[in-house]
Amino acid sequence: MQRRHDGKASKNRDWFTEQEKRSRINHSKRSVGRHEVQSWTTATKQSLCLVWQKVKVKLMLSMSFLIAVLWYCRRLYSFLAQLLKRWSNYLQRKLIRNLSVLTEVDLLGYSAREWNGETKQAKHMREAYEELFWSCHIKYLRQVRRDNYCVLRAVLFQVFSQGIPFPSWMKERDILKLPEKLLYSQGCNWIQQYSFGPERYTGPNAFGKLRKCMETLKTNWTEIIATKDPEERGNMCNTLFSDESKEHKLYEAIKFIMLYEVIEAYEQMKNREEPPHNLFSLLLARDSSSDPLSFMMNHLNSIGDTICLDQVDLFLLGYLLEVKIRVYRLHRFNTEEFQVNYPDEYRREWNEISLLTEDDHYYHIPLFRT
């Protein structure tokens, strides 16, 4: 009995021992598994940390670069804006300085500044300006550069700014061919003595220079009358009349057209034909312009250099441009010659432009407001 009991006890111990071993093995396996999981988690965290550190560095570098670029662009934009502003102001000052027809000013304000004394002449001029303001509805004026092209500038500026078309006779002829026509068809070799105002050029290249002047006139006149918007046309005129070189070509072209008209009328009168207008008889009756050559030498060549157009020349200018030029002569205030039209005989369909003068030498452009 005792042996049986001991055998059972021994078997029980062996079973418990086996179970304990298995339990230890399972516990060991679980411990190893947990350790592997912990190791994998730790390794993953470390890897992610390393990746994040690298990404963080790159992000910081990228953000720093982006901030630097934005700062640089902002500084560049500010610099360019200032540069553009300075350049715009420079161009504006240059345009105003070169502009030969200034922007409009108040008529009575201009009168008060220019004639602020108490002399008899100053009071007379202020009264004349007040008459223009209250009776003629002239409220503003545009000052015109005071040189010997003054009257040509004042007239041509208004022709362009109003979009007045070419005169009818000019539509029927190619004005670019007028210099060659006078040379080859009519044998006017003496035109080589034509002088270009203050440039005082004469010589064999006169015909080439005259052709360039005619091209400048025709091209700019064509472009301006094709512009229907008055504001845009005004801007084009401001630009054109701030370019001295182009301006002078325009005036020399008009002077040459005046000469051409005188030659045409002179040839008709030589053939005992009636001149196209009685103003040519008046013009050629002067001792200083009895023929086209003397008219050119004694009058046209000096215009723009030492003299302006005189009253007779204004008749011719209005006639060839087919415009009625109304001149307010302030020094003739309270006389019949206060308002004068050039020419005095004109067609009803002609456009009208106005001039204002204090001395029959320098002219300004009056502006009407109702």
# chains A, B, ... in the order shown; residues from 1 in each chain; ligands from 1
call {"tool": "closest_atom_pairs", "arguments": {"of": "stretch 267-333 of chain A", "to": "stretch 116-136 of chain A", "cutoff": "8 Å", "atoms": "only C-alpha atoms", "output": "CSV"}}
result
residue,atom,partner,partner_atom,distance
A:Leu330,CA,A:Ala128,CA,5.7
A:His331,CA,A:Met125,CA,7.0
A:Phe333,CA,A:Ala128,CA,5.9
call {"tool": "residues_around", "arguments": {"residues": "A:Gly304", "least_positions_apart": "3", "cutoff": "7 Å", "atoms": "only C-alpha atoms", "output": "list in words"}}
result
Asn148, Tyr149, Gly197, Pro198, Ile307 and Cys308 of chain A
call {"tool": "write_last_selection", "arguments": {"atoms": "N, CA and C atoms", "output": "short mmCIF file (atom, residue, chain, number, x, y, z; two decimals), in the first residue's frame"}}
result
data_model
loop_
_atom_site.label_atom_id
_atom_site.label_comp_id
_atom_site.auth_asym_id
_atom_site.auth_seq_id
_atom_site.Cartn_x
_atom_site.Cartn_y
_atom_site.Cartn_z
N ASN A 148 9.20 132.17 -82.70
CA ASN A 148 8.75 132.67 -83.99
C ASN A 148 7.95 131.65 -84.80
N TYR A 149 7.67 130.49 -84.20
CA TYR A 149 6.71 129.54 -84.77
C TYR A 149 5.36 129.65 -84.07
N GLY A 197 13.85 127.73 -91.19
CA GLY A 197 13.70 128.42 -89.92
C GLY A 197 15.01 128.61 -89.18
N PRO A 198 15.04 128.28 -87.87
CA PRO A 198 16.26 128.48 -87.09
C PRO A 198 17.42 127.59 -87.55
N ILE A 307 11.32 136.10 -87.44
CA ILE A 307 10.00 136.75 -87.49
C ILE A 307 8.89 135.71 -87.40
N CYS A 308 7.69 136.18 -87.08
CA CYS A 308 6.47 135.36 -87.12
C CYS A 308 5.70 135.67 -88.40
#
call {"tool": "atom_distance", "arguments": {"atom1": "atom CA of A:Ile325", "atom2": "atom CA of A:Phe295"}}
result
22.0 Å
call {"tool": "closest_residue", "arguments": {"among": "A:Arg146, A:Arg329, A:Arg233, A:Arg200", "to": "A:Ile164", "atoms": "only C-alpha atoms"}}
result
A:Arg233
call {"tool": "closest_residue", "arguments": {"among": "A:Lys249, A:Lys181, A:Arg332, A:Arg113", "to": "A:Leu217", "atoms": "only C-alpha atoms"}}
result
A:Lys249
call {"tool": "closest_atom_pairs", "arguments": {"of": "stretch 246-301 of chain A", "to": "stretch 166-179 of chain A", "cutoff": "12 Å", "atoms": "only C-alpha atoms", "output": "CSV"}}
result
residue,atom,partner,partner_atom,distance
A:Ala253,CA,A:Ile175,CA,9.5
A:Ile254,CA,A:Ile175,CA,10.7
A:Phe256,CA,A:Pro179,CA,8.5
A:Ile257,CA,A:Leu178,CA,8.3
A:Met258,CA,A:Leu178,CA,11.5
A:Leu259,CA,A:Pro179,CA,10.5
A:Tyr260,CA,A:Leu178,CA,7.7
A:Glu261,CA,A:Leu178,CA,10.5
A:Ile263,CA,A:Leu178,CA,11.4
A:Glu264,CA,A:Leu178,CA,11.4
call {"tool": "write_last_selection", "arguments": {"atoms": "C-alpha atoms", "output": "short mmCIF file (atom, residue, chain, number, x, y, z; two decimals), in the first residue's frame"}}
result
data_model
loop_
_atom_site.label_atom_id
_atom_site.label_comp_id
_atom_site.auth_asym_id
_atom_site.auth_seq_id
_atom_site.Cartn_x
_atom_site.Cartn_y
_atom_site.Cartn_z
CA ALA A 253 5.77 121.81 -94.39
CA ILE A 254 3.04 124.43 -93.89
CA PHE A 256 6.30 125.28 -98.11
CA ILE A 257 2.61 124.75 -98.91
CA MET A 258 2.14 128.51 -98.55
CA LEU A 259 4.97 129.01 -101.05
CA TYR A 260 3.43 126.46 -103.40
CA GLU A 261 0.08 128.27 -103.34
CA ILE A 263 3.64 130.09 -107.03
CA GLU A 264 0.38 128.66 -108.41
#
